[in-house]
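upload36.cif follows (mmCIF, C-alpha atoms):
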data_protein
loop_
_atom_site.label_atom_id
_atom_site.label_comp_id
_atom_site.auth_asym_id
_atom_site.auth_seq_id
_atom_site.Cartn_x
_atom_site.Cartn_y
_atom_site.Cartn_z
CA MET W 6 -86.86 -86.70 -206.66
CA LEU W 7 -85.92 -90.17 -205.43
CA PHE W 8 -86.52 -89.51 -201.77
CA SER W 9 -90.03 -88.23 -202.37
CA ASP W 10 -90.95 -91.61 -203.82
CA GLU W 11 -93.15 -93.26 -201.22
CA ARG W 12 -91.74 -96.76 -201.78
CA ILE W 13 -88.13 -95.65 -201.58
CA ALA W 14 -88.64 -93.44 -198.53
CA GLN W 15 -90.54 -96.15 -196.72
CA PHE W 16 -87.90 -98.75 -197.46
CA ILE W 17 -85.04 -96.48 -196.36
CA ASN W 18 -86.82 -95.48 -193.17
CA SER W 19 -87.53 -99.08 -192.23
CA ALA W 20 -84.19 -100.64 -193.19
CA PHE W 21 -81.43 -98.04 -192.72
CA GLU W 22 -80.19 -95.19 -190.57
CA PRO W 23 -80.16 -92.55 -193.31
CA VAL W 24 -78.12 -89.36 -193.50
CA TRP W 25 -77.22 -86.95 -196.29
CA GLU W 26 -74.13 -84.78 -196.64
CA SER W 27 -73.13 -82.11 -199.11
CA VAL W 28 -69.66 -82.58 -200.61
CA ARG W 29 -69.57 -79.06 -202.09
CA PRO W 30 -71.96 -76.45 -203.47
CA VAL W 31 -73.61 -77.45 -206.73
CA PRO W 32 -72.77 -75.35 -209.81
CA THR W 33 -75.76 -73.35 -211.00
CA VAL W 34 -76.49 -71.63 -214.28
CA ARG W 35 -78.73 -68.60 -214.38
CA ILE W 36 -79.86 -67.03 -217.63
CA ASP W 37 -81.55 -63.67 -217.36
CA PHE W 38 -83.72 -63.05 -220.39
CA GLY W 39 -84.72 -59.61 -219.14
CA GLN W 40 -88.23 -58.36 -218.40
CA GLY W 41 -88.33 -60.46 -215.27
CA LYS W 42 -87.80 -63.74 -217.07
CA ALA W 43 -84.89 -65.82 -215.85
CA ILE W 44 -84.15 -69.47 -215.44
CA THR W 45 -81.84 -71.15 -212.98
CA ARG W 46 -80.77 -74.74 -212.97
CA THR W 47 -77.95 -76.88 -211.71
CA LEU W 48 -75.09 -78.12 -213.83
CA HIS W 49 -72.84 -81.14 -213.51
CA GLY W 50 -73.99 -82.02 -210.02
CA ASN W 51 -73.62 -85.64 -209.05
CA ILE W 52 -74.47 -87.96 -206.23
CA ALA W 53 -73.37 -91.17 -204.53
CA THR W 54 -75.12 -93.51 -202.12
CA TYR W 55 -73.04 -95.43 -199.58
CA VAL W 56 -74.00 -98.27 -197.32
CA CYS W 57 -71.84 -98.24 -194.20
CA SER W 58 -71.40 -100.31 -191.09
CA ALA W 59 -72.25 -98.89 -187.68
CA ASP W 60 -68.59 -98.00 -187.17
CA GLY W 61 -68.60 -95.91 -190.33
CA GLN W 62 -66.86 -98.29 -192.74
CA VAL W 63 -67.96 -98.19 -196.37
CA LEU W 64 -69.43 -101.51 -197.47
CA ASP W 65 -70.51 -100.54 -200.98
CA ILE W 66 -71.37 -97.51 -203.11
CA LEU W 67 -73.93 -96.67 -205.78
CA PRO W 68 -72.52 -94.01 -208.12
CA GLY W 69 -74.76 -91.39 -209.69
CA ILE W 70 -78.46 -91.29 -210.31
CA TYR W 71 -80.64 -94.37 -210.72
CA ALA W 72 -84.13 -94.98 -211.98
CA PRO W 73 -86.39 -95.40 -208.92
CA SER W 74 -87.12 -99.11 -209.30
CA ALA W 75 -83.44 -99.91 -209.94
CA TYR W 76 -82.47 -97.77 -206.95
CA LEU W 77 -84.89 -99.66 -204.74
CA ASP W 78 -83.48 -102.97 -205.95
CA ARG W 79 -79.91 -101.89 -205.21
CA LEU W 80 -80.90 -100.66 -201.76
CA SER W 81 -82.31 -104.09 -201.01
CA GLN W 82 -78.97 -105.56 -202.16
CA PHE W 83 -77.21 -103.12 -199.82
CA LEU W 84 -79.30 -104.36 -196.94
CA LEU W 85 -78.44 -107.95 -197.75
CA LEU W 86 -74.77 -107.05 -198.07
CA ALA W 87 -74.77 -105.56 -194.57
CA ASN W 88 -76.41 -108.74 -193.35
CA TYR W 89 -73.87 -110.82 -195.28
CA VAL W 90 -70.72 -109.22 -193.87
CA GLU W 91 -71.77 -107.79 -190.52
CA ARG W 92 -73.40 -109.90 -187.86
CA ALA W 93 -74.93 -108.32 -184.79
CA ASP W 94 -72.37 -106.99 -182.29
CA GLN W 95 -69.48 -108.17 -184.41
CA PRO W 96 -67.10 -106.18 -186.60
CA VAL W 97 -67.32 -106.33 -190.36
CA ASN W 98 -66.08 -109.63 -191.75
CA GLN W 99 -63.31 -108.06 -193.81
CA PRO W 100 -62.24 -111.12 -195.83
CA LEU W 101 -65.85 -111.79 -196.79
CA LEU W 102 -66.35 -108.16 -197.85
CA ILE W 103 -63.17 -108.17 -199.95
CA ALA W 104 -64.19 -111.47 -201.54
CA TYR W 105 -67.59 -109.95 -202.39
CA HIS W 106 -65.99 -106.97 -204.16
CA HIS W 107 -63.50 -109.20 -205.97
CA ARG W 108 -66.31 -111.40 -207.21
CA GLN W 109 -68.48 -108.49 -208.33
CA ALA W 110 -65.58 -106.87 -210.19
CA HIS W 111 -64.70 -110.19 -211.80
CA ASP W 112 -68.28 -111.00 -212.81
CA LEU W 113 -68.85 -107.54 -214.26
CA LYS W 114 -65.67 -107.82 -216.25
CA GLU W 115 -66.27 -111.34 -217.52
CA THR W 116 -70.03 -111.55 -217.94
CA GLY W 117 -71.41 -108.09 -217.34
CA LYS W 118 -73.70 -109.58 -214.72
CA PRO W 119 -72.87 -109.01 -211.07
CA ALA W 120 -73.65 -111.66 -208.51
CA ARG W 121 -76.83 -111.23 -206.51
CA LEU W 122 -77.20 -111.55 -202.78
CA VAL W 123 -80.16 -113.67 -201.78
CA ALA W 124 -81.81 -114.05 -198.40
CA ILE W 125 -82.55 -117.58 -197.33
CA ARG W 126 -85.50 -117.95 -195.02
CA ARG W 127 -84.84 -120.22 -192.09
CA ALA W 128 -87.54 -122.26 -190.47
CA ASP W 129 -86.93 -120.72 -187.08
CA ILE W 130 -87.29 -117.18 -188.37
CA SER W 131 -90.73 -116.04 -189.33
CA LYS W 132 -90.08 -112.36 -189.82
CA SER W 133 -89.19 -110.59 -193.01
CA SER W 134 -86.36 -112.17 -194.94
CA ILE W 135 -84.46 -108.91 -195.06
CA GLU W 136 -84.07 -108.57 -191.32
CA ARG W 137 -80.85 -109.30 -189.47
CA GLY W 138 -80.28 -112.90 -188.54
CA VAL W 139 -81.44 -114.20 -191.88
CA LYS W 140 -78.82 -116.14 -193.76
CA THR W 141 -77.62 -114.36 -196.88
CA ILE W 142 -75.84 -116.09 -199.71
CA ILE W 143 -74.32 -114.86 -202.95
CA MET W 144 -75.58 -116.26 -206.24
CA PRO W 145 -74.41 -116.00 -209.84
CA GLY W 146 -75.65 -112.91 -211.61
CA GLN W 147 -79.21 -112.77 -212.82
CA PRO W 148 -81.11 -109.85 -214.22
CA PRO W 149 -82.63 -107.99 -211.30
CA GLN W 150 -86.39 -107.97 -211.03
CA GLY W 151 -86.54 -104.34 -211.91
CA VAL W 152 -85.21 -102.40 -214.68
CA ILE W 153 -81.98 -103.17 -216.35
CA SER W 154 -80.19 -106.09 -217.77
CA PRO W 155 -76.53 -105.20 -217.19
CA GLY W 156 -74.26 -105.97 -220.06
CA ALA W 157 -77.13 -106.68 -222.38
CA GLY W 158 -76.41 -103.46 -224.19
CA LYS W 159 -79.91 -102.17 -223.79
CA VAL W 160 -82.35 -101.31 -221.14
CA THR W 161 -85.01 -103.87 -220.35
CA THR W 162 -88.10 -102.46 -218.81
CA LEU W 163 -90.54 -104.10 -216.50
CA GLY W 164 -93.37 -101.97 -215.30
CA LEU W 165 -92.83 -98.91 -217.46
CA PRO W 166 -93.97 -95.72 -215.80
CA GLY W 167 -96.73 -93.75 -217.50
CA PHE W 168 -95.60 -90.84 -219.63
CA ASP W 169 -97.51 -87.62 -220.16
CA GLY W 170 -95.49 -86.65 -223.20
CA PRO W 171 -92.36 -87.15 -225.29
CA GLU W 172 -90.28 -85.02 -222.91
CA GLN W 173 -90.98 -87.38 -220.01
CA LEU W 174 -90.19 -90.38 -222.17
CA ALA W 175 -86.88 -88.83 -223.26
CA ASN W 176 -85.97 -88.06 -219.66
CA TRP W 177 -86.80 -91.59 -218.62
CA LYS W 178 -84.65 -93.08 -221.39
CA ALA W 179 -81.70 -90.90 -220.39
CA LEU W 180 -82.11 -91.94 -216.77
CA ALA W 181 -82.35 -95.62 -217.70
CA GLU W 182 -79.18 -95.40 -219.80
CA ASP W 183 -77.38 -93.64 -216.98
CA THR W 184 -78.54 -96.37 -214.62
CA GLU W 185 -77.02 -99.01 -216.85
CA THR W 186 -73.69 -97.17 -217.08
CA ASN W 187 -73.69 -96.81 -213.31
CA GLU W 188 -74.34 -100.52 -212.85
CA THR W 189 -71.70 -101.72 -215.27
CA VAL W 190 -68.78 -99.35 -215.84
CA ARG W 191 -68.88 -97.32 -212.64
CA ARG W 192 -69.81 -100.12 -210.28
CA ARG W 193 -66.94 -102.22 -211.58
CA GLN W 194 -64.51 -99.40 -210.84
CA ILE W 195 -65.89 -99.17 -207.32
CA HIS W 196 -65.72 -102.90 -206.66
CA GLU W 197 -62.11 -103.02 -207.85
CA TRP W 198 -61.18 -100.08 -205.65
CA LEU W 199 -62.94 -101.36 -202.53
CA ALA W 200 -61.45 -104.83 -203.00
CA ALA W 201 -57.99 -103.30 -202.85
CA SER W 202 -58.48 -100.52 -200.33
CA GLY W 203 -59.30 -102.36 -197.12
CA PRO W 204 -61.54 -100.68 -194.54
CA VAL W 205 -62.27 -97.14 -195.62
CA SER W 206 -64.49 -94.28 -194.48
CA PRO W 207 -66.76 -92.28 -196.83
CA ASN W 208 -64.55 -89.20 -196.48
CA ALA W 209 -61.51 -91.21 -197.54
CA VAL W 210 -63.15 -92.44 -200.73
CA LYS W 211 -65.24 -89.48 -201.87
CA ARG W 212 -62.50 -87.50 -203.69
CA TRP W 213 -61.43 -90.54 -205.67
CA LEU W 214 -65.05 -91.42 -206.37
CA TYR W 215 -65.99 -87.99 -207.70
CA ARG W 216 -62.79 -87.50 -209.69
CA VAL W 217 -62.33 -90.93 -211.24
CA VAL W 218 -65.79 -92.48 -211.32
CA LEU W 219 -68.12 -89.50 -211.55
CA HIS W 220 -65.71 -87.24 -213.47
CA ALA W 221 -66.22 -84.23 -211.23
CA ASP W 222 -62.98 -83.38 -209.43
CA LEU W 223 -63.93 -81.92 -206.05
CA ASP W 224 -60.48 -80.35 -205.70
CA ASP W 225 -60.91 -78.41 -208.93
CA PRO W 226 -63.00 -75.24 -208.48
CA TYR W 227 -64.40 -75.79 -211.99
CA LEU W 228 -64.94 -79.53 -211.46
CA GLY W 229 -62.67 -80.44 -214.36
CA LEU W 230 -64.68 -78.34 -216.81
CA GLY W 231 -62.30 -75.37 -216.95
CA GLN W 232 -60.74 -76.26 -220.29
CA VAL W 233 -64.10 -76.39 -221.99
CA LEU W 234 -65.57 -73.45 -220.15
CA PHE W 235 -62.76 -71.08 -221.03
CA ALA W 236 -61.63 -72.42 -224.41
CA ASN W 237 -63.84 -70.04 -226.36
CA TYR W 238 -64.67 -67.61 -223.61
CA PRO W 239 -64.61 -64.18 -225.27
CA PHE W 240 -63.49 -62.21 -222.21
CA LYS W 241 -60.76 -64.50 -220.95
CA GLU W 242 -58.01 -61.97 -221.74
CA ASP W 243 -59.10 -59.54 -219.05
CA GLY W 244 -60.28 -62.22 -216.63
CA SER W 245 -62.77 -59.81 -215.13
CA GLU W 246 -65.70 -62.13 -215.66
CA ILE W 247 -64.09 -65.05 -213.85
CA ASN W 248 -64.38 -65.01 -210.09
CA HIS W 249 -61.62 -67.05 -208.55
CA PRO W 250 -62.28 -68.20 -205.02
CA MET M 3 -67.57 -55.61 -232.21
CA LYS M 4 -68.69 -55.48 -228.64
CA LEU M 5 -72.13 -56.67 -229.69
CA GLN M 6 -70.57 -59.60 -231.47
CA ARG M 7 -68.63 -60.58 -228.34
CA LEU M 8 -71.72 -60.30 -226.21
CA LEU M 9 -73.69 -62.46 -228.61
CA SER M 10 -70.90 -65.02 -228.55
CA ALA M 11 -70.95 -65.06 -224.78
CA GLY M 12 -74.71 -65.53 -224.77
CA ILE M 13 -74.58 -68.40 -227.20
CA ILE M 14 -71.80 -70.07 -225.22
CA SER M 15 -73.85 -69.74 -222.04
CA VAL M 16 -76.79 -71.50 -223.61
CA LEU M 17 -74.60 -74.22 -225.07
CA LEU M 18 -72.52 -74.81 -221.98
CA PRO M 19 -74.48 -77.64 -220.35
CA PRO M 20 -74.18 -80.07 -223.29
CA LEU M 21 -70.60 -79.07 -224.02
CA ALA M 22 -69.58 -79.51 -220.43
CA GLY M 23 -70.99 -82.99 -220.31
CA ILE M 24 -69.13 -84.13 -223.42
CA SER M 25 -65.70 -83.26 -222.24
CA ALA M 26 -66.21 -83.89 -218.59
CA PHE M 27 -66.42 -87.58 -219.18
CA GLY M 28 -62.97 -87.60 -220.75
CA ASP M 29 -61.98 -91.17 -221.41
CA GLU M 30 -65.54 -92.41 -221.34
CA PRO M 31 -67.21 -91.36 -224.59
CA ARG M 32 -70.77 -90.22 -224.18
CA LYS M 33 -73.41 -89.10 -226.57
CA PRO M 34 -73.72 -85.31 -226.65
CA TRP M 35 -77.40 -85.33 -225.82
CA LEU M 36 -76.69 -87.38 -222.72
CA ALA M 37 -74.32 -84.80 -221.32
CA ASP M 38 -76.52 -83.73 -218.47
CA GLY M 39 -79.36 -86.04 -219.24
CA SER M 40 -79.63 -87.99 -216.05
CA LYS M 41 -80.33 -84.99 -213.93
CA MET M 42 -83.11 -83.89 -216.25
CA ALA M 43 -85.27 -86.41 -214.53
CA ILE M 44 -84.94 -84.68 -211.19
CA GLU M 45 -84.46 -81.12 -212.31
CA SER M 46 -87.27 -78.96 -213.54
CA PRO M 47 -87.47 -78.58 -217.30
CA VAL M 48 -86.57 -75.13 -218.63
CA LYS M 49 -90.13 -74.29 -219.65
CA ARG M 50 -91.35 -75.00 -216.15
CA LEU M 51 -88.64 -72.92 -214.56
CA ILE M 52 -89.51 -70.01 -216.81
CA SER M 53 -93.20 -70.33 -216.12
CA VAL M 54 -92.66 -70.55 -212.37
CA THR M 55 -90.47 -67.48 -212.38
CA SER M 56 -92.74 -65.60 -214.74
CA ALA M 57 -95.84 -66.50 -212.80
CA ASN M 58 -94.29 -65.13 -209.67
CA PRO M 59 -92.62 -61.81 -210.50
CA ALA M 60 -91.78 -61.32 -206.84
CA MET M 61 -89.55 -64.37 -207.00
CA ALA M 62 -87.75 -63.03 -210.06
CA ASP M 63 -87.38 -59.60 -208.52
CA ARG M 64 -85.95 -61.07 -205.35
CA ARG M 65 -83.36 -62.99 -207.33
CA LEU M 66 -82.51 -60.02 -209.50
CA SER M 67 -82.11 -57.76 -206.54
CA THR M 68 -79.56 -59.99 -204.86
CA ASN M 69 -75.91 -60.30 -205.76
CA ASP M 70 -75.66 -61.00 -209.48
CA THR M 71 -73.45 -64.02 -208.96
CA ALA M 72 -75.50 -65.63 -206.20
CA VAL M 73 -78.49 -67.85 -206.85
CA VAL M 74 -81.16 -67.80 -204.20
CA SER M 75 -82.22 -71.37 -203.61
CA PRO M 76 -85.46 -71.69 -201.64
CA LYS M 77 -85.61 -74.37 -198.98
CA VAL M 78 -87.63 -77.48 -199.73
CA LEU M 79 -88.43 -80.69 -197.89
CA PRO M 80 -85.63 -83.27 -198.35
CA GLY M 81 -88.05 -85.96 -199.47
CA LYS M 82 -89.98 -88.24 -197.14
CA VAL M 83 -86.95 -89.85 -195.53
CA ALA M 84 -86.30 -89.34 -191.81
CA TRP M 85 -82.70 -88.15 -192.10
CA HIS M 86 -80.27 -88.07 -189.21
CA PRO M 87 -78.58 -84.70 -188.75
CA ASP M 88 -75.05 -85.98 -189.39
CA PHE M 89 -73.01 -89.10 -190.10
CA ASN M 90 -71.95 -89.65 -186.48
CA SER M 91 -75.56 -89.56 -185.30
CA ALA M 92 -76.50 -92.09 -187.98
CA CYS M 93 -73.66 -94.40 -186.89
CA ALA M 94 -74.71 -94.09 -183.25
CA ALA M 95 -78.28 -94.96 -184.23
CA ALA M 96 -76.98 -97.91 -186.26
CA ARG M 97 -75.19 -99.27 -183.21
CA ARG M 98 -78.46 -99.17 -181.30
CA SER M 99 -80.79 -100.45 -184.00
CA GLY M 100 -78.52 -102.92 -185.79
CA ARG M 101 -79.43 -101.33 -189.13
CA PRO M 102 -76.73 -100.26 -191.59
CA VAL M 103 -76.10 -96.59 -192.32
CA LEU M 104 -77.24 -95.22 -195.67
CA LEU M 105 -75.17 -92.15 -196.56
CA PHE M 106 -76.22 -89.94 -199.46
CA HIS M 107 -73.48 -87.66 -200.81
CA MET M 108 -74.36 -84.86 -203.15
CA MET M 109 -73.32 -81.51 -204.51
CA GLY M 110 -75.52 -78.80 -203.06
CA LYS M 111 -78.00 -79.43 -200.31
CA LEU M 112 -80.89 -81.83 -200.35
CA ASP M 113 -83.16 -79.24 -198.74
CA ASP M 114 -82.32 -76.61 -201.36
CA ARG M 115 -84.48 -76.30 -204.44
CA PHE M 116 -81.42 -76.19 -206.69
CA CYS M 117 -79.43 -79.26 -205.78
#
Could you write out this file's structure as structure tokens?
Amino acid sequence: MLFSDERIAQFINSAFEPVWESVRPVPTVRIDFGQGKAITRTLHGNIATYVCSADGQVLDILPGIYAPSAYLDRLSQFLLLANYVERADQPVNQPLLIAYHHRQAHDLKETGKPARLVAIRRADISKSSIERGVKTIIMPGQPPQGVISPGAGKVTTLGLPGFDGPEQLANWKALAEDTETNETVRRRQIHEWLAASGPVSPNAVKRWLYRVVLHADLDDPYLGLGQVLFANYPFKEDGSEINHP
Amino acid sequence: MKLQRLLSAGIISVLLPPLAGISAFGDEPRKPWLADGSKMAIESPVKRLISVTSANPAMADRRLSTNDTAVVSPKVLPGKVAWHPDFNSACAAARRSGRPVLLFHMMGKLDDRFC
């Protein structure tokens, strides 16, 4: 679990005001094998991480699940973005935020490499470069220090975690591939949308985000899976096995 | 005949997760084995779930004795992050501290085991 990772939790606690919200119950699957043996797990759940200004405006969004080191890198970019567009006691610099999303969408489309925000240390500031008051600039895309090389078509690994077995390795590969899809295809969709939307709250964007980007329609009780779920369902004629809300 | 239908239903239940993932991504083709792959990293593998349930018959009995359609999800710690109770509180804290708000949206609840 991402938030049990010491590095991630420590960074979030020191840099953000964190909060979690549930957008709906998660679908669960329970298989009863009899004789007291049953398994339960979730199905088709999905997540999103927003960075917002103090007045609740969405600045940027990470769609879906990320590998821990990539997640940490993107959180540091979030912090720099907040510093880039929101100075202390001033409202969000809307033109600068829109220009940022335009540039990211453009760079992802043209090169597959989003621009990176970089903190510039000033001589009169001795504290950490990620704190407020530090000048932040945007630079052409470079592979992040961590985990993926967007647009490269494959996952580049730095600091591979240790694996106890093939199952862990397979899980890690799936997570790394998902991270890359999130960073390229889904992030581009988000940048394009935020560039066009103007100031928006998380509640105003979440239905679009889940339906279009994460492919889980929150307004559909079956999250868009109904056609598949019931296509070959043997008891669909009587409908007794389907509980409609 | 009824047995055949039941077997079909059972097989469909087992196959549902990968099938659901394939079609759910509609216009974005995905490999079948990736259907629900990303969450595997944060969800317990099947073998572990079975062993946990089997090792603790009381847990299985409690689940079996509840409503058949409801899954009992034990409460867990929501990681090591100091979460604010709601979005408004986080925004109020952000105004005081000057830090941005980090909002995590999810299906289910972060302090539920099955989320």
Q. When the cut-off is 7 Å and we count all atoms listed in the file, which residues of chain W are near chain M, given as a PyMOL selection string?
A. chain W and resi 6+8-9+14+17-18+20-31+41-44+46-61+70+87+93+176-177+179-180+183+220+229-230+233+238-239
Box in all listed atoms of stretch 36-55 of chain W, axis-aligned, with 6 Å more on each side; write out centre and edge lengths in Å to one decimal as AutoDock Vina command-line options.
--center_x -80.6 --center_y -76.9 --center_z -210.0 --size_x 27.5 --size_y 49.1 --size_z 32.8
Q: One decimal, Å: what's the distance from atom CA of W:Leu102 over to atom CA of W:Thr189, could you say?
A: 19.3 Å
(Q) Show me, as an MDAnalysis selection string, the residues that have an atom within 12 Å of stretch 105-118 of chain W when counting only C-alpha atoms, minus same-chain residues fewer than 2 positions from it. (A) chainID W and resid 63:66 85:87 89:90 98:103 120:122 142:149 153:158 185:203
Q.
Between atom CA of W:Gly69 and atom CA of W:Pro207, what distance in Å does the model show, to one decimal?
A. 15.2 Å
Q) For W:Asn88, which of W:Leu219, W:Ala124, W:Leu7, W:Val205 is the closest residue, counting only C-alpha atoms? A)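 Distance minimum relative to W:Asn88 lands on W:Ala124.
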Q: Please indicate the distance in Å from atom CA of W:Ala104 to atom CA of W:Asp78, rounded to one decimal place.
A: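 So the answer is 21.5 Å.
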Q. Which of these residues is nearest to W:Leu77, using only C-alpha atoms: W:Ala181, W:Phe16, W:Ser206, W:Leu234?
A.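 Selected residue with least distance to W:Leu77: W:Phe16.
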Q.
When the PyMOL selection byres ((chain W and resi 73) around 8) is applied to the structure above, which residues does it catch, written out as a VMD selection string?
A. chain W and resid 7 10 13 71 to 72 74 to 77
